[in-house]
>>> print(open('entry.pdb').read())   # PDB, C-alpha atoms
ATOM      1  CA  MET A  27     -29.224  30.899   0.459
ATOM      2  CA  ARG A  28     -26.935  30.895   3.470
ATOM      3  CA  ARG A  29     -24.295  28.341   4.366
ATOM      4  CA  PHE A  30     -26.391  26.273   6.763
ATOM      5  CA  ASP A  31     -29.732  26.451   4.948
ATOM      6  CA  TRP A  32     -29.421  22.898   3.595
ATOM      7  CA  LEU A  33     -28.766  21.612   7.108
ATOM      8  CA  LYS A  34     -31.849  23.454   8.332
ATOM      9  CA  GLU A  35     -33.923  21.741   5.648
ATOM     10  CA  ILE A  36     -32.469  18.371   6.644
ATOM     11  CA  GLN A  37     -33.437  18.975  10.259
ATOM     12  CA  ARG A  38     -37.057  19.587   9.190
ATOM     13  CA  LEU A  39     -37.244  16.209   7.420
ATOM     14  CA  ASP A  40     -37.958  12.771   8.854
ATOM     15  CA  PRO A  41     -34.883  10.524   8.334
ATOM     16  CA  GLU A  42     -37.026   7.370   8.258
ATOM     17  CA  ARG A  43     -39.482   8.672   5.680
ATOM     18  CA  ASP A  44     -37.365  11.247   3.824
ATOM     19  CA  PHE A  45     -34.065   9.357   3.851
ATOM     20  CA  LEU A  46     -33.539   9.637   0.090
ATOM     21  CA  ARG A  47     -34.019  13.418   0.089
ATOM     22  CA  ILE A  48     -31.636  13.797   3.026
ATOM     23  CA  HIS A  49     -29.060  11.484   1.435
ATOM     24  CA  ARG A  50     -29.186  13.459  -1.821
ATOM     25  CA  ILE A  51     -28.723  16.790  -0.049
ATOM     26  CA  THR A  52     -25.797  15.456   1.982
ATOM     27  CA  THR A  53     -23.983  13.762  -0.888
ATOM     28  CA  THR A  54     -24.734  16.041  -3.861
ATOM     29  CA  TYR A  55     -25.121  19.504  -2.319
ATOM     30  CA  GLU A  56     -23.179  19.596   0.942
ATOM     31  CA  PHE A  57     -20.247  17.186   0.480
ATOM     32  CA  PRO A  58     -19.923  15.855  -3.098
ATOM     33  CA  TRP A  59     -16.099  15.977  -3.182
ATOM     34  CA  ASP A  60     -15.702  14.535   0.300
ATOM     35  CA  VAL A  61     -18.211  11.745  -0.296
ATOM     36  CA  ALA A  62     -16.414  10.742  -3.507
ATOM     37  CA  ARG A  63     -13.114  10.471  -1.630
ATOM     38  CA  ALA A  64     -14.733   8.673   1.304
ATOM     39  CA  LEU A  65     -16.418   6.079  -0.917
ATOM     40  CA  GLU A  66     -13.078   5.451  -2.627
ATOM     41  CA  LEU A  67     -11.607   4.786   0.807
ATOM     42  CA  ALA A  68     -14.613   2.661   1.791
ATOM     43  CA  LEU A  69     -14.161   0.315  -1.159
ATOM     44  CA  TYR A  70     -10.390   0.317  -0.676
ATOM     45  CA  ARG A  71     -10.776  -0.930   2.906
ATOM     46  CA  THR A  72     -12.593  -4.008   1.676
ATOM     47  CA  TYR A  73      -9.458  -5.265  -0.106
ATOM     48  CA  ALA A  74      -7.943  -5.986   3.309
ATOM     49  CA  VAL A  75     -10.477  -8.777   3.840
ATOM     50  CA  PRO A  76      -8.699 -11.704   2.105
ATOM     51  CA  SER A  77     -11.858 -13.282   0.694
ATOM     52  CA  ILE A  78     -12.760  -9.965  -0.968
ATOM     53  CA  GLY A  79      -9.296  -8.910  -2.101
ATOM     54  CA  ARG A  80      -8.520 -12.364  -3.473
ATOM     55  CA  LEU A  81     -11.741 -12.519  -5.495
ATOM     56  CA  LEU A  82     -11.181  -9.052  -6.943
ATOM     57  CA  ALA A  83      -7.668 -10.070  -7.959
ATOM     58  CA  GLU A  84      -8.923 -13.284  -9.578
ATOM     59  CA  THR A  85     -11.498 -11.437 -11.683
ATOM     60  CA  ALA A  86      -8.722  -9.004 -12.765
ATOM     61  CA  GLU A  87     -11.300  -6.218 -12.992
ATOM     62  CA  LEU A  88      -9.386  -4.018 -10.553
ATOM     63  CA  THR A  89      -5.908  -4.952 -11.766
ATOM     64  CA  ASP A  90      -6.299  -5.052 -15.559
ATOM     65  CA  ARG A  91      -9.287  -2.718 -16.045
ATOM     66  CA  THR A  92      -8.962  -0.500 -13.012
ATOM     67  CA  GLN A  93     -10.390   2.687 -14.513
ATOM     68  CA  LYS A  94     -13.441   0.910 -15.933
ATOM     69  CA  ARG A  95     -14.155  -0.831 -12.638
ATOM     70  CA  TYR A  96     -13.813   2.483 -10.812
ATOM     71  CA  ASP A  97     -16.147   4.235 -13.262
ATOM     72  CA  ASP A  98     -18.766   1.494 -13.273
ATOM     73  CA  THR A  99     -18.908   1.245  -9.488
ATOM     74  CA  ALA A 100     -19.273   5.003  -9.052
ATOM     75  CA  LEU A 101     -21.864   5.344 -11.815
ATOM     76  CA  LEU A 102     -24.057   2.456 -10.661
ATOM     77  CA  LEU A 103     -24.129   3.661  -7.067
ATOM     78  CA  ASP A 104     -24.671   7.211  -8.339
ATOM     79  CA  ALA A 105     -27.680   6.143 -10.411
ATOM     80  CA  VAL A 106     -29.499   4.844  -7.347
ATOM     81  CA  THR A 107     -28.829   8.079  -5.467
ATOM     82  CA  GLU A 108     -29.969  10.231  -8.379
ATOM     83  CA  HIS A 109     -33.022   8.255  -9.474
ATOM     84  CA  GLY A 110     -34.089   6.429  -6.323
ATOM     85  CA  PHE A 111     -35.268   2.881  -5.761
ATOM     86  CA  ASP A 112     -38.640   3.078  -7.509
ATOM     87  CA  THR A 113     -37.697   4.343 -10.976
ATOM     88  CA  GLU A 114     -36.656   2.433 -14.065
ATOM     89  CA  ASP A 115     -33.088   3.789 -13.952
ATOM     90  CA  GLY A 116     -32.726   3.046 -10.259
ATOM     91  CA  ARG A 117     -34.042  -0.501 -10.671
ATOM     92  CA  THR A 118     -31.773  -1.068 -13.670
ATOM     93  CA  ALA A 119     -28.715  -0.005 -11.656
ATOM     94  CA  ILE A 120     -29.620  -2.316  -8.774
ATOM     95  CA  ARG A 121     -30.298  -5.164 -11.197
ATOM     96  CA  ARG A 122     -26.834  -4.731 -12.737
ATOM     97  CA  ILE A 123     -25.209  -4.661  -9.288
ATOM     98  CA  ASN A 124     -27.008  -7.860  -8.328
ATOM     99  CA  GLN A 125     -26.248  -9.641 -11.590
ATOM    100  CA  MET A 126     -22.526  -9.020 -11.160
ATOM    101  CA  HIS A 127     -22.377 -10.035  -7.518
ATOM    102  CA  ARG A 128     -24.490 -13.155  -8.048
ATOM    103  CA  SER A 129     -22.053 -14.347 -10.723
ATOM    104  CA  TYR A 130     -19.595 -15.183  -7.930
ATOM    105  CA  ASP A 131     -19.703 -17.062  -4.637
ATOM    106  CA  ILE A 132     -19.727 -14.075  -2.263
ATOM    107  CA  THR A 133     -20.793 -14.659   1.318
ATOM    108  CA  ASN A 134     -23.575 -12.665   2.906
ATOM    109  CA  ASP A 135     -21.153 -11.591   5.638
ATOM    110  CA  ASP A 136     -18.775 -10.042   3.083
ATOM    111  CA  MET A 137     -21.675  -8.309   1.307
ATOM    112  CA  ARG A 138     -22.936  -6.905   4.598
ATOM    113  CA  TYR A 139     -19.471  -5.683   5.517
ATOM    114  CA  VAL A 140     -19.098  -3.786   2.222
ATOM    115  CA  LEU A 141     -22.499  -2.204   2.842
ATOM    116  CA  CYS A 142     -21.288  -1.106   6.292
ATOM    117  CA  THR A 143     -18.294   0.679   4.784
ATOM    118  CA  PHE A 144     -20.636   2.857   2.685
ATOM    119  CA  VAL A 145     -22.356   4.064   5.850
ATOM    120  CA  VAL A 146     -19.480   4.372   8.311
ATOM    121  CA  VAL A 147     -16.436   5.480   6.309
ATOM    122  CA  PRO A 148     -18.028   8.658   4.838
ATOM    123  CA  ALA A 149     -19.266   9.669   8.292
ATOM    124  CA  ARG A 150     -15.810   9.202   9.805
ATOM    125  CA  TRP A 151     -14.173  11.034   6.895
ATOM    126  CA  LEU A 152     -16.505  14.023   7.309
ATOM    127  CA  ASP A 153     -15.945  14.101  11.050
ATOM    128  CA  GLN A 154     -12.234  14.559  10.317
ATOM    129  CA  TYR A 155     -12.117  16.483   7.041
ATOM    130  CA  GLY A 156     -15.576  17.847   6.266
ATOM    131  CA  TRP A 157     -16.423  21.543   6.502
ATOM    132  CA  ARG A 158     -18.899  20.467   9.169
ATOM    133  CA  ARG A 159     -19.644  17.199  10.926
ATOM    134  CA  LEU A 160     -22.581  15.066   9.900
ATOM    135  CA  SER A 161     -25.712  15.682  11.927
ATOM    136  CA  GLY A 162     -27.554  12.886  13.682
ATOM    137  CA  HIS A 163     -30.343  13.238  11.100
ATOM    138  CA  GLU A 164     -27.866  12.634   8.282
ATOM    139  CA  LYS A 165     -26.322   9.579   9.921
ATOM    140  CA  HIS A 166     -29.790   8.192  10.568
ATOM    141  CA  ALA A 167     -30.859   8.807   6.946
ATOM    142  CA  SER A 168     -27.646   7.240   5.611
ATOM    143  CA  ALA A 169     -28.306   4.104   7.636
ATOM    144  CA  VAL A 170     -31.874   3.890   6.286
ATOM    145  CA  TYR A 171     -30.708   4.529   2.705
ATOM    146  CA  TYR A 172     -28.145   1.723   2.762
ATOM    147  CA  ARG A 173     -30.467  -0.506   4.766
ATOM    148  CA  THR A 174     -32.883  -0.126   1.850
ATOM    149  CA  LEU A 175     -30.158  -0.744  -0.739
ATOM    150  CA  GLY A 176     -29.068  -3.833   1.157
ATOM    151  CA  ARG A 177     -32.589  -5.234   1.105
ATOM    152  CA  HIS A 178     -32.735  -4.692  -2.659
ATOM    153  CA  MET A 179     -29.493  -6.667  -2.901
ATOM    154  CA  GLY A 180     -30.887  -9.566  -0.897
ATOM    155  CA  ILE A 181     -28.469  -9.087   2.014
ATOM    156  CA  SER A 182     -29.654 -10.532   5.324
ATOM    157  CA  GLY A 183     -28.889  -9.448   8.865
ATOM    158  CA  ILE A 184     -28.535  -5.769   7.881
ATOM    159  CA  PRO A 185     -27.824  -3.387  10.782
ATOM    160  CA  GLN A 186     -30.810  -1.201  11.600
ATOM    161  CA  ASN A 187     -29.149   2.060  12.671
ATOM    162  CA  PHE A 188     -25.846   3.900  12.354
ATOM    163  CA  GLN A 189     -24.452   2.585  15.630
ATOM    164  CA  GLU A 190     -25.121  -1.002  14.548
ATOM    165  CA  PHE A 191     -23.474  -0.380  11.160
ATOM    166  CA  GLU A 192     -20.444   1.039  12.955
ATOM    167  CA  ARG A 193     -20.184  -1.871  15.366
ATOM    168  CA  CYS A 194     -20.608  -4.410  12.558
ATOM    169  CA  LEU A 195     -17.804  -2.796  10.529
ATOM    170  CA  ASP A 196     -15.359  -2.601  13.429
ATOM    171  CA  ASP A 197     -16.025  -6.176  14.549
ATOM    172  CA  TYR A 198     -15.685  -7.571  11.033
ATOM    173  CA  GLU A 199     -12.419  -5.774  10.354
ATOM    174  CA  HIS A 200     -10.997  -6.913  13.688
ATOM    175  CA  ALA A 201     -11.890 -10.525  12.902
ATOM    176  CA  HIS A 202     -11.086 -10.672   9.188
ATOM    177  CA  PHE A 203      -8.413  -8.178   8.126
ATOM    178  CA  GLY A 204      -5.350 -10.079   6.994
ATOM    179  CA  TRP A 205      -2.568 -10.344   4.423
ATOM    180  CA  ASP A 206      -3.369 -11.704   0.996
ATOM    181  CA  GLU A 207      -1.229 -11.393  -2.100
ATOM    182  CA  GLY A 208      -4.269 -10.776  -4.299
ATOM    183  CA  GLY A 209      -5.536  -8.052  -2.002
ATOM    184  CA  ARG A 210      -2.143  -6.365  -2.169
ATOM    185  CA  ARG A 211      -2.198  -6.459  -5.996
ATOM    186  CA  VAL A 212      -5.626  -4.844  -6.045
ATOM    187  CA  SER A 213      -4.456  -2.238  -3.534
ATOM    188  CA  ASP A 214      -1.399  -1.397  -5.646
ATOM    189  CA  ALA A 215      -3.533  -1.088  -8.793
ATOM    190  CA  THR A 216      -6.026   1.218  -7.080
ATOM    191  CA  LEU A 217      -3.327   3.488  -5.673
ATOM    192  CA  GLY A 218      -1.714   3.547  -9.109
ATOM    193  CA  LEU A 219      -4.988   4.550 -10.739
ATOM    194  CA  MET A 220      -5.637   7.436  -8.368
ATOM    195  CA  ALA A 221      -2.056   8.662  -8.545
ATOM    196  CA  GLY A 222      -2.095   8.426 -12.337
ATOM    197  CA  TRP A 223      -4.874  10.998 -12.548
ATOM    198  CA  TYR A 224      -2.337  13.657 -11.561
ATOM    199  CA  GLY A 225       0.414  13.031 -14.126
ATOM    200  CA  PRO A 226       3.847  14.129 -12.905
ATOM    201  CA  LEU A 227       2.502  14.523  -9.361
ATOM    202  CA  ALA A 228       1.712  10.801  -9.197
ATOM    203  CA  PRO A 229       4.449   9.904  -6.663
ATOM    204  CA  VAL A 230       3.314  12.715  -4.369
ATOM    205  CA  VAL A 231      -0.341  11.672  -4.633
ATOM    206  CA  ARG A 232       0.535   8.033  -3.959
ATOM    207  CA  GLY A 233       2.398   9.047  -0.797
ATOM    208  CA  ALA A 234      -0.422  11.355   0.262
ATOM    209  CA  SER A 235      -2.955   8.576  -0.231
ATOM    210  CA  LYS A 236      -1.011   6.246   2.046
ATOM    211  CA  ALA A 237      -0.780   9.028   4.635
ATOM    212  CA  LEU A 238      -4.580   8.918   4.906
ATOM    213  CA  LEU A 239      -4.639   5.202   5.716
ATOM    214  CA  ASP A 240      -4.714   3.993   9.298
ATOM    215  CA  ASP A 241      -1.938   1.789  10.619
ATOM    216  CA  THR A 242      -4.129  -1.315  10.569
ATOM    217  CA  LEU A 243      -4.647  -1.003   6.805
ATOM    218  CA  LEU A 244      -1.000  -0.187   6.145
ATOM    219  CA  ASP A 245       0.175  -3.155   8.188
ATOM    220  CA  THR A 246      -2.322  -5.502   6.557
ATOM    221  CA  PHE A 247      -1.054  -4.579   3.073
ATOM    222  CA  ARG A 248       2.561  -4.550   4.379
ATOM    223  CA  TYR A 249       3.178  -0.966   3.369
ATOM    224  CA  GLU A 250       5.767   1.094   5.167
ATOM    225  CA  ARG A 251       4.129   3.595   7.480
ATOM    226  CA  PRO A 252       4.501   7.233   6.325
ATOM    227  CA  ARG A 253       6.609   9.584   8.393
ATOM    228  CA  PRO A 254       4.622  11.524  11.018
ATOM    229  CA  ALA A 255       5.489  14.807   9.299
ATOM    230  CA  VAL A 256       4.011  13.574   6.017
ATOM    231  CA  ARG A 257       0.831  12.442   7.731
ATOM    232  CA  ALA A 258       0.489  15.741   9.540
ATOM    233  CA  ALA A 259       0.988  17.722   6.324
ATOM    234  CA  VAL A 260      -1.551  15.735   4.302
ATOM    235  CA  ARG A 261      -4.217  15.702   6.978
ATOM    236  CA  GLY A 262      -3.573  19.349   7.786
ATOM    237  CA  ALA A 263      -4.051  20.265   4.136
ATOM    238  CA  LEU A 264      -7.450  18.543   4.107
ATOM    239  CA  ARG A 265      -8.531  20.367   7.240
ATOM    240  CA  LEU A 266      -7.388  23.661   5.718
ATOM    241  CA  ARG A 267      -9.475  22.864   2.650
ATOM    242  CA  ALA A 268     -12.477  22.224   4.916
ATOM    243  CA  ARG A 269     -12.120  25.628   6.554
ATOM    244  CA  SER A 270     -11.990  27.236   3.120
ATOM    245  CA  VAL A 271     -15.062  25.348   1.871
ATOM    246  CA  ARG A 272     -16.956  26.449   4.981
ATOM    247  CA  LEU A 273     -16.626  30.057   3.764
ATOM    248  CA  LEU A 274     -18.140  29.312   0.357
ATOM    249  CA  PRO A 275     -21.822  29.859  -0.450
ATOM    250  CA  PRO A 276     -23.985  26.720  -0.462
ATOM    251  CA  ARG A 277     -24.273  24.698  -3.641
ATOM    252  CA  ARG A 278     -27.496  25.461  -5.522
ATOM    253  CA  ARG A 279     -27.326  22.559  -7.977
ATOM    254  CA  PRO A 280     -26.591  18.916  -7.197
ATOM    255  CA  HIS A 281     -23.243  17.464  -8.195
ATOM    256  CA  TYR A 282     -23.382  13.750  -8.995
ATOM    257  CA  ALA A 283     -20.503  11.303  -9.317
ATOM    258  CA  ARG A 284     -21.027  11.134 -13.102
ATOM    259  CA  GLN A 285     -19.836  14.767 -13.208
ATOM    260  CA  ASN A 286     -16.525  13.997 -11.486
ATOM    261  CA  PRO A 287     -13.369  14.404 -13.590
ATOM    262  CA  GLU A 288     -12.144  11.031 -12.305
ATOM    263  CA  ILE A 289     -14.818   9.308 -14.419
ATOM    264  CA  LYS A 290     -12.882   8.895 -17.671
ATOM    265  CA  GLY A 291     -14.112   5.737 -19.383
ATOM    266  CA  TYR A 292     -17.239   6.996 -21.123
ATOM    267  CA  PRO A 293     -16.432  10.136 -23.140
ATOM    268  CA  ASN A 294     -19.348   9.400 -25.485
ATOM    269  CA  GLY A 295     -21.848   8.622 -22.744
ATOM    270  CA  TYR A 296     -23.192   5.354 -21.369
ATOM    271  CA  THR A 297     -26.355   3.442 -20.581
ATOM    272  CA  ILE A 298     -26.953   2.164 -17.077
ATOM    273  CA  ALA A 299     -27.831  -1.290 -18.426
ATOM    274  CA  GLY A 300     -24.427  -1.431 -20.164
ATOM    275  CA  LEU A 301     -22.348  -0.638 -17.072
ATOM    276  CA  GLY A 302     -20.328  -3.221 -15.205
ATOM    277  CA  THR A 303     -19.104  -6.639 -16.215
ATOM    278  CA  PHE A 304     -20.783  -9.545 -17.970
ATOM    279  CA  PRO A 305     -18.631 -12.526 -16.907
ATOM    280  CA  GLN A 306     -18.364 -15.221 -19.571
ATOM    281  CA  GLY A 307     -19.264 -18.714 -18.521
ATOM    282  CA  ARG A 308     -20.860 -17.631 -15.261
ATOM    283  CA  PRO A 309     -24.534 -17.454 -14.323
ATOM    284  CA  THR A 310     -25.614 -13.819 -14.197
ATOM    285  CA  GLY A 311     -28.554 -14.445 -11.899
ATOM    286  CA  GLY A 312     -31.402 -12.036 -11.464
ATOM    287  CA  CYS A 313     -32.370  -9.485  -8.914
ATOM    288  CA  PRO A 314     -33.054 -11.326  -5.623
ATOM    289  CA  VAL A 315     -35.825  -8.907  -4.677
ATOM    290  CA  PRO A 316     -39.047  -8.661  -6.714
ATOM    291  CA  HIS A 317     -40.001  -5.124  -7.702
TER
END
>>> encode(input="entry.pdb", output="structure tokens")
Amino acid sequence: MRRFDWLKEIQRLDPERDFLRIHRITTTYEFPWDVARALELALYRTYAVPSIGRLLAETAELTDRTQKRYDDTALLLDAVTEHGFDTEDGRTAIRRINQMHRSYDITNDDMRYVLCTFVVVPARWLDQYGWRRLSGHEKHASAVYYRTLGRHMGISGIPQNFQEFERCLDDYEHAHFGWDEGGRRVSDATLGLMAGWYGPLAPVVRGASKALLDDTLLDTFRYERPRPAVRAAVRGALRLRARSVRLLPPRRRPHYARQNPEIKGYPNGYTIAGLGTFPQGRPTGGCPVPH
């Protein structure tokens, strides 16, 4: 195989019909490391919406059990990518996602916004730091994939194409980003988790992570803006990595999130049905979409 053979296969596929195949190639063959980082950033952005950040702080899942929440989120989303929407494992993962969300009073608008981050943030990350930019086929397929996931989650008013997802995200952030003490606590816990993966380098990683945030996010969380030299160094290092990855041969086997070293909470394995939280004293609800 040559470096652009996967892209050539993507271009031969129909993004409306073959969206799952395209999404798998993009996320597990072409950009597994980048997509993992971009999805971390996507979820992190949601904390800046006070209704989301406050709820996450109240549940304490991201402040007291940060690693478990990180693992469960990655593994449940990963299961849908790996197994699809029409298999037992894929349906079980979606059912668990729905049961957790339906245990709380979450607005449709907030749910739709989170869905938008999964589409838009990885595309913007790859445009800046990927070894190549996403093709139009890939953006189209990503929109269809998350449009399908959103329908399985019972979300209404889902954008229909990438441009609509992008516009929805930007408009929602402009209208709703704001300071909240709970959101800041969740942000601090998440940065602490990611920095803690690197032991003595934790302070450096924490600073590097903030250097990747835009000023709107930094100001919302009331963080001091990094020095321009720090930002330039961190972002330059990622672009240097991209140029190096471009020279590597294409991946021949898929790499799923469950294989990432950041997933630390299940050394003895896990079942999809056992992932996530089971809030006491709250209705778990069922899947809003019949299968």
>>> resolve_selection(input="entry.pdb", expression="the PyMOL selection byres ((chain A and resi 121-135) around 9)", output="count of residues only")
38
>>> residues_around(input="entry.pdb", residues="Arg193 in chain A", least_positions_apart="4", cutoff="12 Å", atoms="all atoms listed in the file", output="VMD selection string")
chain A and resid 139 142 to 143 145 to 146 184 to 189 197 to 200
>>> write_last_selection(input="entry.pdb", atoms="C-alpha atoms", output="PDB file, keeping the file's coordinate frame")
ATOM      1  CA  TYR A 139     -19.471  -5.683   5.517  1.00  0.00           C
ATOM      2  CA  CYS A 142     -21.288  -1.106   6.292  1.00  0.00           C
ATOM      3  CA  THR A 143     -18.294   0.679   4.784  1.00  0.00           C
ATOM      4  CA  VAL A 145     -22.356   4.064   5.850  1.00  0.00           C
ATOM      5  CA  VAL A 146     -19.480   4.372   8.311  1.00  0.00           C
ATOM      6  CA  ILE A 184     -28.535  -5.769   7.881  1.00  0.00           C
ATOM      7  CA  PRO A 185     -27.824  -3.387  10.782  1.00  0.00           C
ATOM      8  CA  GLN A 186     -30.810  -1.201  11.600  1.00  0.00           C
ATOM      9  CA  ASN A 187     -29.149   2.060  12.671  1.00  0.00           C
ATOM     10  CA  PHE A 188     -25.846   3.900  12.354  1.00  0.00           C
ATOM     11  CA  GLN A 189     -24.452   2.585  15.630  1.00  0.00           C
ATOM     12  CA  ASP A 197     -16.025  -6.176  14.549  1.00  0.00           C
ATOM     13  CA  TYR A 198     -15.685  -7.571  11.033  1.00  0.00           C
ATOM     14  CA  GLU A 199     -12.419  -5.774  10.354  1.00  0.00           C
ATOM     15  CA  HIS A 200     -10.997  -6.913  13.688  1.00  0.00           C
TER      16      HIS A 200
END
>>> residues_around(input="entry.pdb", residues="Leu244 in chain A", least_positions_apart="2", cutoff="12 Å", atoms="only C-alpha atoms", output="ChimeraX atom specification")
/A:70-71,73-74,203-205,210,213-214,235-242,246-252
>>> residues_around(input="entry.pdb", residues="range 35-37 of chain A", least_positions_apart="3", cutoff="9 Å", atoms="only C-alpha atoms", output="count of residues only")
12
>>> closest_residue(input="entry.pdb", among="A:Thr54, A:Thr85, A:Gln93, A:Ser168", to="Glu108 in chain A", atoms="all atoms listed in the file")
A:Thr54
>>> decode(input="entry.pdb", residues="range 107-114 of chain A", atoms="all heavy atoms", output="short mmCIF file (atom, residue, chain, number, x, y, z; two decimals), in the first residue's frame")
data_model
loop_
_atom_site.label_atom_id
_atom_site.label_comp_id
_atom_site.auth_asym_id
_atom_site.auth_seq_id
_atom_site.Cartn_x
_atom_site.Cartn_y
_atom_site.Cartn_z
N THR A 107 -18.50 2.91 16.53
CA THR A 107 -17.65 2.97 15.35
C THR A 107 -17.21 1.58 14.91
O THR A 107 -17.25 1.24 13.73
CB THR A 107 -16.41 3.84 15.62
OG1 THR A 107 -16.82 5.17 15.94
CG2 THR A 107 -15.49 3.88 14.42
N GLU A 108 -16.79 0.77 15.86
CA GLU A 108 -16.26 -0.56 15.52
C GLU A 108 -17.36 -1.51 15.05
O GLU A 108 -17.16 -2.26 14.08
CB GLU A 108 -15.55 -1.15 16.73
CG GLU A 108 -14.93 -2.52 16.44
CD GLU A 108 -14.03 -3.02 17.56
OE1 GLU A 108 -13.93 -2.35 18.60
OE2 GLU A 108 -13.40 -4.08 17.37
N HIS A 109 -18.50 -1.51 15.71
CA HIS A 109 -19.51 -2.52 15.45
C HIS A 109 -20.69 -2.03 14.62
O HIS A 109 -21.45 -2.84 14.09
CB HIS A 109 -20.02 -3.09 16.78
CG HIS A 109 -18.95 -3.68 17.63
ND1 HIS A 109 -18.30 -4.85 17.30
CD2 HIS A 109 -18.38 -3.25 18.79
CE1 HIS A 109 -17.39 -5.12 18.22
NE2 HIS A 109 -17.42 -4.17 19.13
N GLY A 110 -20.84 -0.71 14.48
CA GLY A 110 -21.93 -0.19 13.69
C GLY A 110 -23.23 -0.07 14.46
O GLY A 110 -23.32 -0.38 15.65
N PHE A 111 -24.26 0.38 13.76
CA PHE A 111 -25.55 0.67 14.39
C PHE A 111 -26.49 -0.53 14.43
O PHE A 111 -27.48 -0.51 15.15
CB PHE A 111 -26.24 1.82 13.64
CG PHE A 111 -25.49 3.11 13.70
CD1 PHE A 111 -24.59 3.47 12.70
CD2 PHE A 111 -25.65 3.99 14.77
CE1 PHE A 111 -23.89 4.67 12.76
CE2 PHE A 111 -24.96 5.18 14.83
CZ PHE A 111 -24.08 5.53 13.82
N ASP A 112 -26.21 -1.56 13.66
CA ASP A 112 -27.15 -2.66 13.49
C ASP A 112 -26.67 -3.97 14.08
O ASP A 112 -27.16 -5.03 13.72
CB ASP A 112 -27.45 -2.86 11.99
CG ASP A 112 -28.05 -1.61 11.36
OD1 ASP A 112 -28.87 -0.95 12.03
OD2 ASP A 112 -27.70 -1.29 10.21
N THR A 113 -25.71 -3.91 14.99
CA THR A 113 -25.23 -5.12 15.66
C THR A 113 -25.60 -5.05 17.13
O THR A 113 -25.95 -4.00 17.66
CB THR A 113 -23.69 -5.23 15.54
OG1 THR A 113 -23.09 -4.16 16.30
CG2 THR A 113 -23.23 -5.13 14.08
N GLU A 114 -25.50 -6.19 17.80
CA GLU A 114 -25.85 -6.24 19.21
C GLU A 114 -24.95 -5.32 20.04
O GLU A 114 -25.42 -4.59 20.92
CB GLU A 114 -25.78 -7.67 19.72
CG GLU A 114 -26.24 -7.83 21.17
CD GLU A 114 -27.67 -7.39 21.40
OE1 GLU A 114 -28.49 -7.55 20.48
OE2 GLU A 114 -27.96 -6.87 22.49
#
